[in-house]
$ cat my_file-v4.txt   # compact mmCIF, C-alpha atoms
# COMPACT_ATOMS: atom_id res chain seq x y z
CA MET E 257 125.33 59.45 61.37
CA ASN E 258 125.28 63.22 61.08
CA ASN E 259 128.19 64.47 63.19
CA ILE E 260 127.95 68.07 62.05
CA HIS E 261 126.20 70.46 64.44
CA PRO E 262 124.92 73.40 62.42
CA LEU E 263 124.36 76.75 64.09
CA ASP E 264 120.87 77.06 62.61
CA PRO E 265 118.65 74.13 63.73
CA ARG E 266 115.90 75.11 61.27
CA LYS E 267 118.35 74.70 58.41
CA SER E 268 119.34 71.19 59.52
CA GLN E 269 115.68 70.22 60.09
CA SER E 270 114.72 71.48 56.64
CA GLY E 271 117.69 69.55 55.23
CA GLU E 272 116.50 66.39 56.98
CA ILE E 273 112.97 66.90 55.56
CA ASP E 274 114.55 67.04 52.09
CA ALA E 275 116.59 63.93 52.90
CA ILE E 276 113.39 62.10 53.91
CA LEU E 277 111.72 63.08 50.64
CA ARG E 278 114.80 61.93 48.67
CA ASN E 279 114.68 58.63 50.55
CA LEU E 280 111.00 58.22 49.60
CA MET E 281 111.92 58.91 45.97
CA GLY E 282 114.29 55.93 46.15
CA ILE E 283 111.34 53.52 46.45
CA GLN E 284 110.47 51.68 43.27
CA GLY E 285 107.79 53.52 41.27
CA VAL E 286 107.70 56.74 43.32
CA SER E 287 107.82 59.73 40.98
CA ALA E 288 107.24 62.65 43.38
CA ALA E 289 107.31 63.28 47.12
CA ALA E 290 106.06 66.61 48.44
CA ILE E 291 105.16 68.49 51.59
CA VAL E 292 102.03 70.59 51.09
CA ASP E 293 100.91 73.32 53.49
CA SER E 294 97.33 73.92 54.65
CA ASP E 295 96.71 76.34 51.76
CA GLY E 296 97.77 73.76 49.18
CA PHE E 297 101.20 75.28 48.50
CA VAL E 298 104.14 72.92 48.05
CA THR E 299 106.89 73.76 50.57
CA HIS E 300 109.33 70.89 49.85
CA ILE E 301 109.39 68.61 46.82
CA GLN E 302 111.51 65.92 45.20
CA ARG E 303 110.49 64.64 41.76
CA ASP E 304 111.93 62.71 38.87
CA SER E 305 110.16 64.64 36.10
CA GLU E 306 108.42 67.94 35.43
CA ILE E 307 105.22 67.96 37.43
CA ASN E 308 102.70 70.71 38.14
CA THR E 309 103.41 71.43 41.82
CA ASP E 310 100.47 73.83 42.20
CA ALA E 311 98.09 71.18 40.91
CA ILE E 312 99.52 68.53 43.25
CA GLY E 313 99.31 70.80 46.27
CA ALA E 314 95.76 71.94 45.68
CA SER E 315 94.40 68.52 44.71
CA VAL E 316 96.03 66.75 47.67
CA GLN E 317 94.41 69.15 50.12
CA VAL E 318 91.01 68.93 48.38
CA VAL E 319 91.03 65.10 48.18
CA PHE E 320 92.26 64.68 51.74
CA GLY E 321 89.68 67.14 53.04
CA ALA E 322 86.86 65.34 51.21
CA ALA E 323 88.04 61.92 52.45
CA ALA E 324 88.35 63.20 56.03
CA ARG E 325 84.78 64.57 55.91
CA ALA E 326 83.53 61.25 54.47
CA ALA E 327 85.29 59.39 57.31
CA GLN E 328 83.60 61.62 59.89
CA HIS E 329 80.19 61.02 58.29
CA VAL E 330 80.57 57.27 58.86
CA GLY E 331 82.02 57.67 62.36
CA HIS E 332 85.61 56.78 61.48
CA HIS E 333 86.98 59.88 63.23
CA VAL E 334 90.55 60.82 62.30
CA THR E 335 91.86 60.13 58.78
CA ASN E 336 95.47 58.92 58.80
CA MET E 337 96.04 58.31 55.12
CA VAL E 338 94.23 58.67 51.80
CA ILE E 339 95.17 56.42 48.89
CA CYS E 340 93.90 57.27 45.40
CA GLU E 341 94.24 54.37 42.98
CA ASN E 342 94.35 55.70 39.44
CA ALA E 343 94.75 54.12 36.01
CA GLU E 344 98.44 55.04 35.88
CA GLY E 345 99.44 54.93 39.53
CA PHE E 346 98.66 55.96 43.08
CA ILE E 347 98.56 59.19 45.06
CA LEU E 348 99.03 58.76 48.81
CA SER E 349 98.57 61.61 51.24
CA THR E 350 98.94 61.73 54.98
CA PRO E 351 98.78 64.58 57.51
CA VAL E 352 101.99 65.68 59.23
CA GLU E 353 101.48 68.64 61.58
CA ALA E 354 99.65 71.99 61.66
CA GLY E 355 97.84 71.35 58.36
CA PHE E 356 100.98 70.22 56.49
CA MET E 357 100.61 67.03 54.43
CA LEU E 358 103.04 64.53 52.95
CA ALA E 359 102.02 63.47 49.44
CA LEU E 360 103.51 60.75 47.27
CA VAL E 361 102.84 60.22 43.57
CA THR E 362 103.70 56.78 42.20
CA GLN E 363 103.66 54.91 38.93
CA ARG E 364 101.53 51.80 38.46
CA ASP E 365 104.49 49.46 39.16
CA ALA E 366 104.96 50.78 42.72
CA LEU E 367 104.51 48.17 45.45
CA LEU E 368 101.70 49.67 47.50
CA GLY E 369 102.67 47.93 50.74
CA ARG E 370 106.27 49.14 50.40
CA VAL E 371 105.20 52.75 49.85
CA ARG E 372 102.59 52.65 52.62
CA PHE E 373 105.02 51.02 55.08
CA GLU E 374 107.62 53.71 54.40
CA LEU E 375 105.02 56.45 54.73
CA LYS E 376 103.66 55.11 58.03
CA GLU E 377 107.15 54.74 59.49
CA THR E 378 108.21 58.18 58.30
CA ILE E 379 105.28 60.18 59.67
CA PRO E 380 106.18 60.10 63.41
CA VAL E 381 109.65 61.50 62.66
CA LEU E 382 108.27 64.10 60.26
CA LYS E 383 105.79 65.20 62.96
CA LYS E 384 108.66 65.75 65.42
CA LEU E 385 110.76 67.56 62.81
CA PHE E 386 107.85 69.81 61.93
CA SER E 387 106.92 70.61 65.51
CA ASN E 388 110.58 71.53 66.20
CA TYR E 389 110.78 73.43 62.92
CA LEU E 390 107.59 75.43 63.56
CA ASN E 391 108.52 76.20 67.17
CA HIS E 392 111.98 77.62 66.42
CA MET G 292 121.43 26.13 61.20
CA HIS G 293 120.73 25.82 57.47
CA TRP G 294 120.88 28.56 54.86
CA PHE G 295 117.30 29.82 55.08
CA GLN G 296 117.23 29.75 58.88
CA SER G 297 120.40 31.81 59.03
CA GLN G 298 118.89 34.30 56.56
CA LEU G 299 115.73 34.56 58.68
CA ALA G 300 117.81 35.04 61.83
CA ALA G 301 119.74 37.85 60.11
CA LEU G 302 116.47 39.49 59.02
CA ASN G 303 115.08 39.27 62.55
CA ARG G 304 118.26 40.90 63.89
CA LEU G 305 117.84 43.77 61.42
CA ALA G 306 114.15 44.09 62.37
CA ASP G 307 115.16 44.30 66.06
CA GLN G 308 117.79 46.93 65.30
CA TYR G 309 115.19 48.97 63.43
CA ALA G 310 112.68 48.59 66.30
CA ARG G 311 115.40 49.80 68.73
CA ALA G 312 116.09 52.82 66.48
CA GLN G 313 112.39 53.73 66.71
CA ARG G 314 112.40 53.96 70.51
CA PRO G 315 112.11 57.50 71.89
CA SER G 316 115.49 59.06 72.50
CA ALA G 317 116.81 62.32 73.87
CA SER G 318 119.18 62.68 70.90
CA ASN G 319 118.89 65.35 68.25
CA ILE G 320 115.79 64.58 66.12
CA VAL G 321 117.79 65.04 62.90
CA ASN G 322 120.27 62.32 63.94
CA VAL G 323 117.44 60.06 65.18
CA SER G 324 115.60 60.48 61.88
CA GLU G 325 118.71 59.68 59.84
CA ASN G 326 119.51 56.61 61.94
CA MET G 327 115.94 55.31 61.61
CA ARG G 328 116.00 55.78 57.84
CA LEU G 329 119.30 53.89 57.55
CA LYS G 330 118.15 51.00 59.77
CA ARG G 331 114.82 50.76 57.91
CA ALA G 332 116.59 50.74 54.53
CA GLU G 333 118.98 48.02 55.77
CA PHE G 334 116.04 45.85 56.86
CA ILE G 335 113.93 46.38 53.73
CA ASP G 336 116.91 45.87 51.38
CA ALA G 337 117.69 42.60 53.16
CA VAL G 338 114.04 41.51 52.81
CA GLN G 339 114.10 42.26 49.06
CA ALA G 340 117.42 40.40 48.66
CA LEU G 341 116.07 37.32 50.46
CA VAL G 342 112.84 37.40 48.43
CA ASN G 343 114.90 37.52 45.21
CA GLN G 344 117.15 34.66 46.32
CA VAL G 345 114.31 32.42 47.51
CA GLY G 346 112.40 33.09 44.27
CA LYS G 347 115.37 31.67 42.32
CA ILE G 348 115.58 28.39 44.24
CA LYS G 349 114.63 25.37 42.14
CA GLY G 350 111.17 24.16 43.11
CA ILE G 351 109.99 27.48 44.60
CA SER G 352 107.19 29.02 42.53
CA SER G 353 107.32 32.50 44.05
CA CYS G 354 108.26 34.51 47.10
CA ALA G 355 106.86 37.82 48.35
CA ALA G 356 106.75 39.94 51.50
CA TYR G 357 103.64 41.71 52.79
CA HIS G 358 102.86 44.42 55.31
CA ASP G 359 99.23 44.66 56.50
CA GLY G 360 98.24 42.48 53.52
CA LEU G 361 99.80 44.84 50.96
CA ILE G 362 102.73 43.80 48.78
CA LEU G 363 106.12 45.09 49.95
CA ALA G 364 108.64 42.99 48.02
CA ARG G 365 108.33 40.23 45.44
CA SER G 366 110.37 37.88 43.33
CA ALA G 367 110.19 38.22 39.55
CA ASP G 368 107.45 35.67 38.99
CA VAL G 369 104.70 36.43 41.51
CA SER G 370 101.19 36.49 40.09
CA ALA G 371 97.89 37.05 41.96
CA ILE G 372 99.61 39.55 44.29
CA ASP G 373 96.36 40.78 45.83
CA ALA G 374 95.03 37.25 46.38
CA PHE G 375 98.23 36.42 48.26
CA GLY G 376 97.79 39.56 50.37
CA ALA G 377 94.18 38.73 51.22
CA THR G 378 95.20 35.17 52.15
CA VAL G 379 97.97 36.49 54.40
CA GLN G 380 95.57 38.77 56.27
CA GLU G 381 92.81 36.20 56.67
CA SER G 382 95.17 33.40 57.67
CA ALA G 383 97.07 35.57 60.13
CA ARG G 384 93.84 36.65 61.83
CA ALA G 385 92.54 33.07 62.15
CA ALA G 386 95.93 31.79 63.33
CA GLN G 387 96.28 34.54 65.94
CA GLN G 388 92.83 33.75 67.35
CA GLY G 389 93.64 30.03 67.43
CA ALA G 390 97.05 30.63 68.97
CA ALA G 391 95.50 32.80 71.69
CA LEU G 392 92.84 30.17 72.46
CA LEU G 393 95.43 27.41 72.71
CA GLY G 394 98.14 29.45 74.37
CA LEU G 395 100.61 28.83 71.53
CA GLY G 396 102.34 32.19 71.88
CA ASP G 397 103.05 34.51 68.96
CA VAL G 398 102.45 32.96 65.54
CA GLU G 399 105.75 32.28 63.74
CA GLN G 400 104.59 30.42 60.65
CA ILE G 401 101.45 29.24 58.87
CA VAL G 402 101.41 26.62 56.11
CA ILE G 403 98.43 26.00 53.82
CA VAL G 404 98.64 22.80 51.76
CA GLY G 405 96.29 22.43 48.81
CA THR G 406 95.88 19.49 46.44
CA LYS G 407 98.16 21.21 43.90
CA ASN G 408 100.28 23.84 45.66
CA LYS G 409 101.24 24.94 49.12
CA LEU G 410 101.97 28.26 50.74
CA ALA G 411 104.16 29.03 53.75
CA MET G 412 103.81 32.34 55.60
CA LEU G 413 106.54 33.37 58.04
CA ASN G 414 106.51 36.38 60.35
CA VAL G 415 109.65 38.51 60.15
CA GLY G 416 109.48 41.65 62.29
CA PRO G 417 106.48 43.66 61.08
CA LEU G 418 106.30 41.71 57.78
CA VAL G 419 105.04 38.36 56.53
CA LEU G 420 107.18 36.39 54.08
CA CYS G 421 105.16 34.17 51.70
CA ILE G 422 106.71 31.26 49.82
CA SER G 423 104.72 29.11 47.42
CA CYS G 424 105.65 25.86 45.68
CA ARG G 425 104.11 22.69 44.25
CA LYS G 426 102.58 20.39 46.86
CA GLU G 427 105.15 17.62 46.22
CA ILE G 428 108.14 19.88 46.99
CA ASN G 429 109.75 19.44 50.39
CA LEU G 430 109.93 23.12 51.28
CA ALA G 431 112.35 22.69 54.18
CA ALA G 432 114.75 20.69 52.00
CA ALA G 433 114.48 23.17 49.10
CA LEU G 434 115.24 26.09 51.44
CA GLN G 435 118.28 24.32 52.94
CA ARG G 436 120.16 24.70 49.68
CA ASN G 437 122.64 27.48 49.90
CA ILE G 438 122.53 29.53 46.73
CA ALA G 439 125.08 31.99 45.46
CA PRO G 440 124.51 35.60 46.54
CA PRO G 441 122.90 37.83 43.86
$ encode --input "my_file-v4.txt" --output "structure tokens"
Amino acid sequence: MNNIHPLDPRKSQSGEIDAILRNLMGIQGVSAAAIVDSDGFVTHIQRDSEINTDAIGASVQVVFGAAARAAQHVGHHVTNMVICENAEGFILSTPVEAGFMLALVTQRDALLGRVRFELKETIPVLKKLFSNYLNH
Amino acid sequence: MHWFQSQLAALNRLADQYARAQRPSASNIVNVSENMRLKRAEFIDAVQALVNQVGKIKGISSCAAYHDGLILARSADVSAIDAFGATVQESARAAQQGAALLGLGDVEQIVIVGTKNKLAMLNVGPLVLCISCRKEINLAAALQRNIAPP
């Protein structure tokens, strides 16, 4: 447990967001974990190789936006997660708070259920961290 | 209690601890988040360890764990991962409906026996553990054998 009580809560919340991303990177096959803002800019990222952060940020927002519109067209209402299955892996994106998104890039050998489970369990905490972070 | 039962009981304890960590709390969100991550990692690591150990038992063809029909952990030799996942989902739905009709309570395990192979599905917290073997194998007896830790 974290027994240190920092003077700046934003700093500790940002540190915990980084810790969550590092934890997601520990899952087999995950090669990048990023928080993307509503404009497609990457605000936090953990990655195991050089990756074009601008491209990830912009494409995640575009793909999620398109999927969310498609869901509305067929009466599915709110979109909770978008999974892109590609030849060499998956990209998973899920909304956090105030337009921020959590995006994960994986290799083909990632276990989809493991990554999705971790993402689904992580989101409620990330939402709380972000609402605290944005309100301070 | 034999080896596999004690392993399942330990997994269920870890699943309960994780579920307790998820309950709303007045504590600092940073500490809550860290505690949840640690408890989740403990549970998932234990699931992967059990899947690996069961997969190595003589007579067991494969072992895997699923969440919502998607693969979460698997032993080295699992093939037809998606077919397993689809079977888990379909079987769980049918079993839950049957259990509700008959007042059986929550479904704990489902076993499908074919002419060649059989498949056991066991609920552990939010996951389903799948174990497959040849039809002739006595699954309960095979899982009683205590094997060395990895």
$ closest_residue --input "my_file-v4.txt" --among "G:Gln435, G:Ser316, G:Asn429, G:Ser382" --to "chain E" --atoms "all atoms listed in the file"
G:Ser316
$ closest_residue --input "my_file-v4.txt" --among "G:Ala301, G:Leu392, G:Leu410, G:Val419" --to "chain E" --atoms "all atoms listed in the file"
G:Val419
$ residues_around --input "my_file-v4.txt" --residues "region 361-378 of chain G" --least-positions-apart "5" --cutoff "8 Å" --atoms "all atoms listed in the file" --output "list in words"
Leu367, Leu368, Gly369, Arg370, Val371 and Phe373 of chain E; Val338, Gln339, Val342, Asn343, Val345, Gly346, Ser352, Ser353, Cys354, Ala355 and Ala356 of chain G
$ interface_residues --input "my_file-v4.txt" --of "chain E" --to "chain G" --cutoff "9 Å" --atoms "only C-alpha atoms" --output "ChimeraX atom specification"
/E:257-259,268-269,271-273,275-276,279,367-374,377-378,381-382,384-385,388
$ write_last_selection --input "my_file-v4.txt" --atoms "C-alpha atoms" --output "compact mmCIF listing (two decimals), in the frame of the given file"
# COMPACT_ATOMS: atom_id res chain seq x y z
CA MET E 257 125.33 59.45 61.37
CA ASN E 258 125.28 63.22 61.08
CA ASN E 259 128.19 64.47 63.19
CA SER E 268 119.34 71.19 59.52
CA GLN E 269 115.68 70.22 60.09
CA GLY E 271 117.69 69.55 55.23
CA GLU E 272 116.50 66.39 56.98
CA ILE E 273 112.97 66.90 55.56
CA ALA E 275 116.59 63.93 52.90
CA ILE E 276 113.39 62.10 53.91
CA ASN E 279 114.68 58.63 50.55
CA LEU E 367 104.51 48.17 45.45
CA LEU E 368 101.70 49.67 47.50
CA GLY E 369 102.67 47.93 50.74
CA ARG E 370 106.27 49.14 50.40
CA VAL E 371 105.20 52.75 49.85
CA ARG E 372 102.59 52.65 52.62
CA PHE E 373 105.02 51.02 55.08
CA GLU E 374 107.62 53.71 54.40
CA GLU E 377 107.15 54.74 59.49
CA THR E 378 108.21 58.18 58.30
CA VAL E 381 109.65 61.50 62.66
CA LEU E 382 108.27 64.10 60.26
CA LYS E 384 108.66 65.75 65.42
CA LEU E 385 110.76 67.56 62.81
CA ASN E 388 110.58 71.53 66.20
$ residues_around --input "my_file-v4.txt" --residues "region 294-300 of chain E" --least-positions-apart "4" --cutoff "8 Å" --atoms "only C-alpha atoms" --output "MDAnalysis selection string"
chainID E and resid 273:274 290 309:310 312:317 354:357
$ atom_distance --input "my_file-v4.txt" --atom1 "CA of Asn303 (chain G)" --atom2 "CA of Glu427 (chain G)"
28.9 Å
$ residues_around --input "my_file-v4.txt" --residues "region 335-348 of chain E" --least-positions-apart "6" --cutoff "8 Å" --atoms "only C-alpha atoms" --output "PyMOL selection string"
chain E and resi 320+323-324+327+359-366
$ residues_around --input "my_file-v4.txt" --residues "Leu430 (chain G)" --least-positions-apart "3" --cutoff "12 Å" --atoms "all atoms listed in the file" --output "VMD selection string"
chain G and resid 295 345 348 to 352 402 404 408 to 412 422 to 427 433 to 436
$ atom_distance --input "my_file-v4.txt" --atom1 "CA of Ala289 (chain E)" --atom2 "CA of Arg303 (chain E)"
6.4 Å
$ atom_distance --input "my_file-v4.txt" --atom1 "CA of Asp304 (chain E)" --atom2 "CA of Ile283 (chain E)"
11.9 Å
$ residues_near_point --input "my_file-v4.txt" --point "(97.7, 30.3, 61.6)" --cutoff "12 Å" --atoms "all atoms listed in the file" --output "number ranges by chain"
G: 378-393, 395-403, 410-414
